[in-house]
Every structure is written in C-alpha cells, then in structure tokens.
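The data block below is start-v6.cif; it holds mmCIF, C-alpha atoms.
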data_target
#
loop_
_atom_site.label_atom_id
_atom_site.label_comp_id
_atom_site.auth_asym_id
_atom_site.auth_seq_id
_atom_site.Cartn_x
_atom_site.Cartn_y
_atom_site.Cartn_z
CA MET N 1 -23.49 6.56 -13.35
CA ARG N 2 -19.92 7.78 -13.19
CA LEU N 3 -17.55 7.27 -10.28
CA HIS N 4 -14.37 9.33 -10.28
CA VAL N 5 -11.29 7.83 -8.64
CA GLY N 6 -7.70 8.98 -8.35
CA CYS N 7 -4.54 9.46 -6.34
CA ALA N 8 -2.69 12.21 -4.52
CA MET N 9 -0.40 12.84 -7.52
CA TRP N 10 -0.13 11.95 -11.20
CA THR N 11 3.52 10.97 -11.28
CA LEU N 12 5.71 8.93 -8.94
CA THR N 13 9.11 7.42 -9.54
CA SER N 14 7.97 3.92 -8.54
CA TRP N 15 5.16 4.06 -11.15
CA GLN N 16 7.52 4.67 -14.06
CA GLY N 17 7.92 1.62 -16.25
CA ARG N 18 5.35 -0.29 -14.16
CA PHE N 19 2.11 1.64 -14.61
CA LEU N 20 3.24 4.58 -16.72
CA PRO N 21 5.61 4.67 -19.69
CA HIS N 22 9.22 5.59 -19.00
CA PRO N 23 10.78 7.87 -19.99
CA LEU N 24 7.89 10.29 -20.36
CA PRO N 25 8.17 14.07 -20.89
CA PRO N 26 6.65 16.20 -18.10
CA GLY N 27 4.07 17.51 -20.56
CA GLU N 28 2.72 13.99 -21.12
CA ARG N 29 2.65 12.59 -17.58
CA LEU N 30 -0.83 13.73 -16.64
CA ARG N 31 -2.16 12.45 -19.99
CA SER N 32 -0.75 9.00 -19.25
CA TYR N 33 -2.09 9.03 -15.69
CA ALA N 34 -5.55 9.98 -17.01
CA THR N 35 -5.76 6.64 -18.83
CA TRP N 36 -5.63 4.96 -15.40
CA CYS N 37 -7.82 7.27 -13.34
CA ASN N 38 -10.37 9.98 -14.07
CA ALA N 39 -9.50 12.29 -11.15
CA VAL N 40 -6.47 13.54 -9.25
CA GLU N 41 -5.79 15.65 -6.18
CA GLY N 42 -4.19 18.96 -7.11
CA ASN N 43 -1.86 19.11 -4.11
CA THR N 44 0.89 21.09 -5.87
CA THR N 45 -1.26 24.21 -5.89
CA PHE N 46 -1.11 24.26 -2.07
CA TYR N 47 2.55 25.28 -2.23
CA ALA N 48 2.27 27.91 -4.96
CA THR N 49 -0.20 29.26 -7.49
CA PRO N 50 0.76 27.67 -10.82
CA SER N 51 1.48 29.67 -13.93
CA ARG N 52 -1.31 29.91 -16.47
CA SER N 53 0.85 28.08 -19.03
CA THR N 54 1.26 25.17 -16.62
CA VAL N 55 -2.49 24.99 -16.09
CA GLU N 56 -3.06 25.13 -19.84
CA SER N 57 -0.81 22.08 -20.15
CA TRP N 58 -2.91 20.23 -17.57
CA ALA N 59 -6.05 21.06 -19.55
CA ARG N 60 -4.51 19.87 -22.83
CA GLN N 61 -3.63 16.52 -21.28
CA THR N 62 -7.10 15.72 -19.93
CA GLY N 63 -10.65 15.55 -21.21
CA PRO N 64 -13.42 17.84 -19.91
CA ASP N 65 -14.86 15.01 -17.75
CA PHE N 66 -11.59 14.56 -15.84
CA ARG N 67 -11.73 15.96 -12.29
CA LEU N 68 -8.72 17.85 -10.97
CA VAL N 69 -9.62 18.81 -7.40
CA VAL N 70 -7.19 21.67 -6.85
CA LYS N 71 -6.24 22.80 -3.36
CA LEU N 72 -6.23 26.48 -2.47
CA PRO N 73 -2.70 27.76 -1.71
CA ARG N 74 -1.48 27.73 1.88
CA THR N 75 -1.01 31.50 1.72
CA ILE N 76 -4.81 31.67 1.72
CA THR N 77 -5.75 28.84 4.09
CA HIS N 78 -2.85 28.45 6.53
CA GLU N 79 -0.92 31.72 6.51
CA GLY N 80 -3.79 34.12 5.89
CA ARG N 81 -6.37 31.87 7.58
CA LEU N 82 -8.99 33.08 5.05
CA THR N 83 -8.61 36.74 6.12
CA GLY N 84 -7.33 39.56 3.93
CA VAL N 85 -6.62 37.18 1.06
CA ASP N 86 -9.02 38.41 -1.64
CA GLU N 87 -6.20 39.35 -4.01
CA GLU N 88 -4.53 35.93 -3.58
CA VAL N 89 -7.88 34.24 -4.30
CA ARG N 90 -8.40 36.31 -7.46
CA SER N 91 -4.91 35.45 -8.72
CA PHE N 92 -5.48 31.76 -8.04
CA LEU N 93 -8.84 31.67 -9.79
CA GLU N 94 -7.39 33.45 -12.81
CA ALA N 95 -4.50 30.97 -12.97
CA ILE N 96 -6.71 27.88 -12.95
CA GLU N 97 -9.29 29.26 -15.38
CA PRO N 98 -7.97 27.16 -18.32
CA LEU N 99 -9.04 24.00 -16.51
CA GLY N 100 -12.68 24.87 -17.12
CA PRO N 101 -15.01 22.06 -15.96
CA ARG N 102 -12.05 19.92 -14.84
CA ALA N 103 -11.76 22.18 -11.78
CA GLU N 104 -15.43 21.87 -10.95
CA THR N 105 -14.69 21.70 -7.21
CA LEU N 106 -11.99 23.66 -5.36
CA TRP N 107 -10.57 22.16 -2.17
CA ILE N 108 -10.12 24.27 0.96
CA GLN N 109 -7.97 22.36 3.44
CA LEU N 110 -7.85 24.11 6.80
CA PRO N 111 -5.14 23.74 9.46
CA GLY N 112 -5.74 21.73 12.61
CA SER N 113 -5.82 24.97 14.62
CA PHE N 114 -8.85 26.20 12.67
CA ALA N 115 -11.49 25.66 15.36
CA PRO N 116 -15.26 26.03 15.77
CA ASN N 117 -14.68 29.61 16.98
CA ASP N 118 -13.35 30.37 13.48
CA LEU N 119 -16.51 29.33 11.65
CA GLY N 120 -17.62 32.93 11.21
CA THR N 121 -14.44 33.56 9.24
CA LEU N 122 -15.08 30.49 7.08
CA ALA N 123 -18.69 31.52 6.45
CA GLY N 124 -17.67 34.99 5.33
CA PHE N 125 -14.91 33.62 3.10
CA LEU N 126 -17.20 31.12 1.39
CA ARG N 127 -19.87 33.78 0.76
CA ARG N 128 -17.32 35.97 -1.04
CA LEU N 129 -16.22 33.22 -3.42
CA PRO N 130 -17.65 33.24 -6.96
CA ARG N 131 -20.34 30.71 -7.73
CA SER N 132 -18.50 29.63 -10.88
CA HIS N 133 -17.01 26.75 -8.86
CA ARG N 134 -18.13 24.30 -6.24
CA TYR N 135 -16.19 24.23 -2.98
CA ALA N 136 -15.20 21.45 -0.61
CA VAL N 137 -13.76 22.01 2.86
CA GLU N 138 -11.48 19.71 4.85
CA VAL N 139 -11.18 20.39 8.59
CA ARG N 140 -8.83 18.76 11.08
CA HIS N 141 -9.75 20.22 14.45
CA ARG N 142 -10.93 17.40 16.70
CA ALA N 143 -14.04 19.27 17.87
CA PHE N 144 -15.56 18.99 14.38
CA PHE N 145 -15.62 15.22 14.89
CA ASP N 146 -16.32 14.85 18.61
CA ASP N 147 -18.65 17.73 19.46
CA ALA N 148 -22.16 17.42 18.02
CA ARG N 149 -22.82 21.18 18.20
CA SER N 150 -19.63 21.97 16.28
CA VAL N 151 -20.58 19.40 13.65
CA ARG N 152 -24.02 21.00 13.20
CA LEU N 153 -22.53 24.50 12.99
CA LEU N 154 -20.01 23.49 10.33
CA GLU N 155 -22.64 21.60 8.34
CA GLY N 156 -24.84 24.70 8.48
CA VAL N 157 -22.05 26.95 7.18
CA LEU N 158 -21.30 24.57 4.31
CA ALA N 159 -24.96 23.98 3.44
CA GLY N 160 -25.50 27.74 3.23
CA VAL N 161 -23.27 27.92 0.13
CA GLY N 162 -23.69 24.39 -1.22
CA ALA N 163 -20.17 23.35 -0.16
CA GLU N 164 -19.08 19.79 0.65
CA TRP N 165 -17.24 18.45 3.71
CA VAL N 166 -14.21 16.36 2.66
CA PRO N 167 -13.45 13.46 5.03
CA PHE N 168 -9.88 12.20 5.25
CA ASP N 169 -10.29 8.62 6.49
CA THR N 170 -7.12 7.43 8.22
CA THR N 171 -8.75 4.76 10.38
CA THR N 172 -7.18 1.88 8.43
CA LEU N 173 -3.70 3.35 8.87
CA PHE N 174 -4.11 3.69 12.64
CA ARG N 175 -5.84 0.34 13.16
CA SER N 176 -2.55 -1.39 13.99
CA PRO N 177 1.09 -0.32 14.55
CA PRO N 178 3.16 0.69 11.50
CA THR N 179 5.26 -1.95 9.76
CA SER N 180 7.35 0.16 7.35
CA ASP N 181 9.28 3.42 7.33
CA ALA N 182 6.57 5.02 5.18
CA GLU N 183 3.86 3.92 7.61
CA ARG N 184 5.85 5.21 10.58
CA GLU N 185 6.22 8.58 8.87
CA ALA N 186 2.49 8.64 8.10
CA TRP N 187 1.73 7.85 11.75
CA SER N 188 3.72 10.92 12.78
CA LYS N 189 2.13 13.29 10.26
CA LYS N 190 -1.40 12.24 9.35
CA PRO N 191 -4.46 13.30 11.38
CA ARG N 192 -6.06 10.66 13.58
CA MET N 193 -9.78 11.37 13.31
CA PRO N 194 -13.00 9.35 13.46
CA ARG N 195 -14.41 8.31 10.09
CA ARG N 196 -17.09 10.57 8.67
CA SER N 197 -19.24 9.40 5.75
CA VAL N 198 -22.07 11.91 5.41
CA ALA N 199 -22.51 13.61 2.02
CA LEU N 200 -23.83 17.18 2.07
CA THR N 201 -24.10 17.65 -1.71
CA ASP N 202 -24.46 15.65 -4.92
CA ARG N 203 -20.64 15.78 -5.41
CA PRO N 204 -19.13 14.12 -2.32
CA ILE N 205 -15.33 13.78 -2.14
CA VAL N 206 -13.53 11.15 -0.04
CA ARG N 207 -9.83 10.89 0.79
CA TYR N 208 -8.95 7.40 2.00
CA LEU N 209 -5.55 6.38 3.42
CA GLY N 210 -4.75 2.68 3.64
CA ARG N 211 -1.58 0.73 4.38
CA ASP N 212 1.42 -0.26 2.29
CA ASP N 213 -0.04 -3.78 2.28
CA THR N 214 -2.59 -3.85 -0.55
CA ALA N 215 -4.82 -6.48 1.07
CA SER N 216 -5.15 -4.36 4.22
CA THR N 217 -5.93 -1.30 2.15
CA ALA N 218 -8.67 -3.08 0.19
CA GLU N 219 -10.12 -4.62 3.35
CA GLY N 220 -10.26 -1.17 4.96
CA TRP N 221 -12.26 0.43 2.16
CA ARG N 222 -15.21 -1.99 2.29
CA HIS N 223 -17.22 0.65 4.14
CA TRP N 224 -16.48 3.17 1.40
CA ALA N 225 -17.36 0.81 -1.44
CA ASP N 226 -20.80 0.30 0.13
CA THR N 227 -21.22 4.00 0.91
CA VAL N 228 -20.18 5.14 -2.56
CA ALA N 229 -22.46 2.60 -4.22
CA GLY N 230 -25.29 4.01 -2.12
CA TRP N 231 -24.46 7.56 -3.17
CA LEU N 232 -24.46 6.54 -6.82
CA ARG N 233 -27.89 4.92 -6.42
CA GLU N 234 -29.11 8.24 -4.96
CA GLY N 235 -27.94 10.07 -8.08
CA ARG N 236 -24.82 11.60 -6.54
CA SER N 237 -21.50 11.79 -8.40
CA PRO N 238 -18.71 10.95 -5.92
CA THR N 239 -14.94 11.27 -6.21
CA VAL N 240 -12.67 8.98 -4.17
CA PHE N 241 -8.92 9.42 -3.74
CA VAL N 242 -6.92 6.40 -2.62
CA HIS N 243 -3.68 6.97 -0.70
CA THR N 244 -1.18 4.62 0.89
CA PRO N 245 1.85 5.68 2.97
CA ASP N 246 4.31 5.07 0.11
CA ASN N 247 1.71 5.33 -2.71
CA ALA N 248 3.66 2.70 -4.67
CA GLU N 249 0.47 0.76 -5.51
CA ALA N 250 -2.00 3.65 -5.25
CA LEU N 251 -2.61 3.90 -8.99
CA ALA N 252 -3.62 0.25 -9.29
CA LEU N 253 -5.53 0.42 -6.01
CA ALA N 254 -7.66 3.34 -7.20
CA ARG N 255 -8.77 1.24 -10.18
CA ARG N 256 -9.36 -1.72 -7.88
CA PHE N 257 -11.64 0.41 -5.71
CA HIS N 258 -13.55 1.39 -8.84
CA ASP N 259 -13.86 -2.30 -9.73
CA ASP N 260 -15.17 -3.10 -6.24
CA VAL N 261 -17.90 -0.47 -6.58
CA ARG N 262 -18.80 -1.72 -10.08
CA ALA N 263 -19.14 -5.24 -8.63
CA LEU N 264 -21.86 -3.82 -6.37
CA LEU N 265 -23.32 -1.60 -9.08
CA PRO N 266 -22.57 -2.89 -12.61
CA GLY N 267 -24.18 0.17 -14.20
CA VAL N 268 -21.22 2.36 -13.21
CA GLU N 269 -19.32 3.56 -16.28
CA PRO N 270 -15.97 1.73 -16.64
CA LEU N 271 -12.60 3.46 -16.56
CA PRO N 272 -10.54 3.80 -19.74
CA GLU N 273 -7.94 1.21 -20.67
CA PRO N 274 -4.50 2.22 -19.33
CA MET N 275 -1.83 3.37 -21.74
CA PRO N 276 0.72 0.57 -22.41
CA THR N 277 4.02 1.03 -20.58
CA GLU N 278 5.90 -0.24 -23.66
CA PRO N 279 5.48 0.93 -27.29
CA LEU N 280 3.05 -1.16 -29.33
CA THR N 281 4.63 -3.42 -31.97
CA LEU N 282 3.27 -5.39 -34.91
CA PHE N 283 4.54 -8.73 -33.56
#
For this file, produce the structure as structure tokens.
Amino acid sequence: MRLHVGCAMWTLTSWQGRFLPHPLPPGERLRSYATWCNAVEGNTTFYATPSRSTVESWARQTGPDFRLVVKLPRTITHEGRLTGVDEEVRSFLEAIEPLGPRAETLWIQLPGSFAPNDLGTLAGFLRRLPRSHRYAVEVRHRAFFDDARSVRLLEGVLAGVGAEWVPFDTTTLFRSPPTSDAEREAWSKKPRMPRRSVALTDRPIVRYLGRDDTASTAEGWRHWADTVAGWLREGRSPTVFVHTPDNAEALALARRFHDDVRALLPGVEPLPEPMPTEPLTLF
C-alpha cells in the first residue's frame, strides 16, 4: 500500500537550510524535495504552460512513482472557461509529456463562478480529453456543496469519464479567528466550503489547509487520517497535499501526516529518508 503526500510547492525560502540543503541549484530543488515527499502540486503550470526543457528537468529529478499533479493553465479553466481551448490543451499536453507516469492525474481547478448550469460545458470538455491521463476536478461554487441535486449532477459528469472530485478542506483554517498575518491573508482568499470526503475513483486526491500552529493542523487532519486509511484498506491509492497559511512547516507536516496514517495501517510503504541539509563528513 502506497500513500502519496506532498505540499503546494517544492521550494520555499524558509525551508532552505532547515529541510532542504542551501544553497541548491534550481535544477536540484525538486530532487531534494522528493526525498521528503513523494508528490507535489504543480501549481506553477496554472500561470503558464512550461517549456518542454523545464518539464524534462522535473522528470530527471524524480522517479517514475513520484506524483506531480499538474494544474491546467488558467487560460483554459478561468479565461476560456473550457470553451474554444483545444489548441491550448494540445500545447499543454505536449509540454508535460516528458513527465510520463509522474503526471498520471491532471488537475482542473474551476473558478468559483463555474456553476451547476455550466456542467454541460465541463462534460463536453472532459469527453474531448485524451484517455492517456486521469483527470481530477476542483469546484468552488457553493451549490456543489449545499445542493444535493447539483452534487449528484457533478458526480455523474465525473463518473462518466472516470474523473475524481478534488476536495479542498479549509474547515480547520476557518474554525477560529486568524492569529497571524498569513492566516488573515488566507481568510481573505481561501474558499470557505463544507468538508467533502467521498472518493469517486481509486486515485482520490485531497487538499488540506491547516493553521500556522502545527498542533492545530495535526488535530484538524484526524478525519483525513482515518478516511485515507480506509481508502487504502479498500485498495485505493490516495494522494494528500498538506498546506498551512505560511507553509513554513508544511514539508515536515506532510511526512507527519504520512506517519499518522502508517500508525493506523503499518503496511503502508514508508517514505524515503530525507536528504541531509549539510554535506556528509567522515567524522
């Protein structure tokens, strides 16, 4: 049984010298991160389609079992709203081709204005996508969480093409007022939605946002540790991304979540040993 865990990025200034070696060339940063976690969110692709050489570098730095869940560019999802974007999709798929099995699942994050009335557009878009990848959709319109009919319709669209529904669980963040600048910023920007923990496929993906306080973050993911352990027992292969408002401890927290699931299910394959932050010596 293999559980994949990761963060929203593979490099952060506050990680340098603490979790990851410093200095570290850009072409080695993902390799170092991959000794801590076996998955990462590919958020950078939302802002622009990467060059093929950049993607080849990502592939060189990771093994084939590493999961890089890349996000479709905003020109496709937010500006084009999945309409008239076939050329942009082709260019994106060609660019990420070097990732091979690392990009097993592509992430389609839709804007909060994408409503139940737009599901026909989503269905048509998903049907046109090649079956060489899996797809996972994140929605933020409130009706997909509060209206039972809208939930059923979306689940039906996703099930029709074997796509997953990605929950972004922010309930821990909004449980009590913010206590730091990073938490206040997160309060102003992150979606406030009910928690959803239903897997539609054998590759569920969870995005969990905690607090800057590590104890609060770990307390808030108890539900997910139990849920993920249950999925693993069912033969599913989940991926969980751990966020905090400042992400300063997110790398260590992702491993801690993995440890918590292994405490419930010792048969889960362990993570690799992290790369030392200092060069090894003989003495």
Need to verify the contact set: Cys37 in chain N, 12 Å, only C-alpha atoms, exclusion of same-chain residues closer than 6 positions in sequence. Can you return it as an NGL selection string?
:N and (3-10 or 19-20 or 30-31 or 62-63 or 65-68 or 239-242 or 250-259 or 270-275)
The PyMOL selection byres ((chain N and resi 178) around 12) on the file shown: which residues, as a PyMOL selection string?
chain N and resi 172-177+179-188+210-213+245
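Here CA of Trp165 in chain N stands at a distance of 17.5 Å from CA of Asn117 in chain N.
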Find the residues near range 225-233 of chain N: any atom within 12 Å, counting only C-alpha atoms, skip ones fewer than 4 places away on the same chain, and give them as a ChimeraX atom specification.
/N:1-5,196-206,208,218-221,237-240,242,254,256-269
For the structure shown, which residues end up in the PyMOL selection byres ((chain N and resi 121-129) around 8)? Put them as an mmCIF file with C-alpha atoms, in the frame of the given file, please?
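As a result, out10.cif now contains:
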data_model
loop_
_atom_site.group_PDB
_atom_site.id
_atom_site.type_symbol
_atom_site.label_atom_id
_atom_site.label_comp_id
_atom_site.auth_asym_id
_atom_site.auth_seq_id
_atom_site.Cartn_x
_atom_site.Cartn_y
_atom_site.Cartn_z
ATOM 1 C CA LEU N 82 -8.990 33.080 5.050
ATOM 2 C CA THR N 83 -8.610 36.740 6.120
ATOM 3 C CA ASP N 118 -13.350 30.370 13.480
ATOM 4 C CA LEU N 119 -16.510 29.330 11.650
ATOM 5 C CA GLY N 120 -17.620 32.930 11.210
ATOM 6 C CA PRO N 130 -17.650 33.240 -6.960
ATOM 7 C CA ARG N 131 -20.340 30.710 -7.730
ATOM 8 C CA VAL N 157 -22.050 26.950 7.180
ATOM 9 C CA LEU N 158 -21.300 24.570 4.310
ATOM 10 C CA VAL N 161 -23.270 27.920 0.130
#
Non-local contacts of Arg52 in chain N (10 Å; all atoms listed in the file; under 6 positions in same chain excluded) as a short mmCIF file (atom, residue, chain, number, x, y, z; two decimals) with C-alpha atoms, in the frame of the given file:
data_model
loop_
_atom_site.label_atom_id
_atom_site.label_comp_id
_atom_site.auth_asym_id
_atom_site.auth_seq_id
_atom_site.Cartn_x
_atom_site.Cartn_y
_atom_site.Cartn_z
CA TRP N 58 -2.91 20.23 -17.57
CA PHE N 92 -5.48 31.76 -8.04
CA GLU N 94 -7.39 33.45 -12.81
CA ALA N 95 -4.50 30.97 -12.97
CA ILE N 96 -6.71 27.88 -12.95
CA GLU N 97 -9.29 29.26 -15.38
CA PRO N 98 -7.97 27.16 -18.32
CA LEU N 99 -9.04 24.00 -16.51
#
What residues come out when you apply the PyMOL selection byres ((chain N and resi 76) around 12) to this file, written as a VMD selection string?
chain N and resid 45 to 49 71 to 75 77 to 92 107 to 111 122 125
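Residues in contact with range 21-26 of chain N at up to 9 Å, not including ones fewer than 3 positions away on its chain and judged by only C-alpha atoms, are Trp15, Gln16, Gly17, Arg18, Arg29, Leu30, Ser32, Met275, Pro276, Thr277, Glu278 and Pro279 of chain N.
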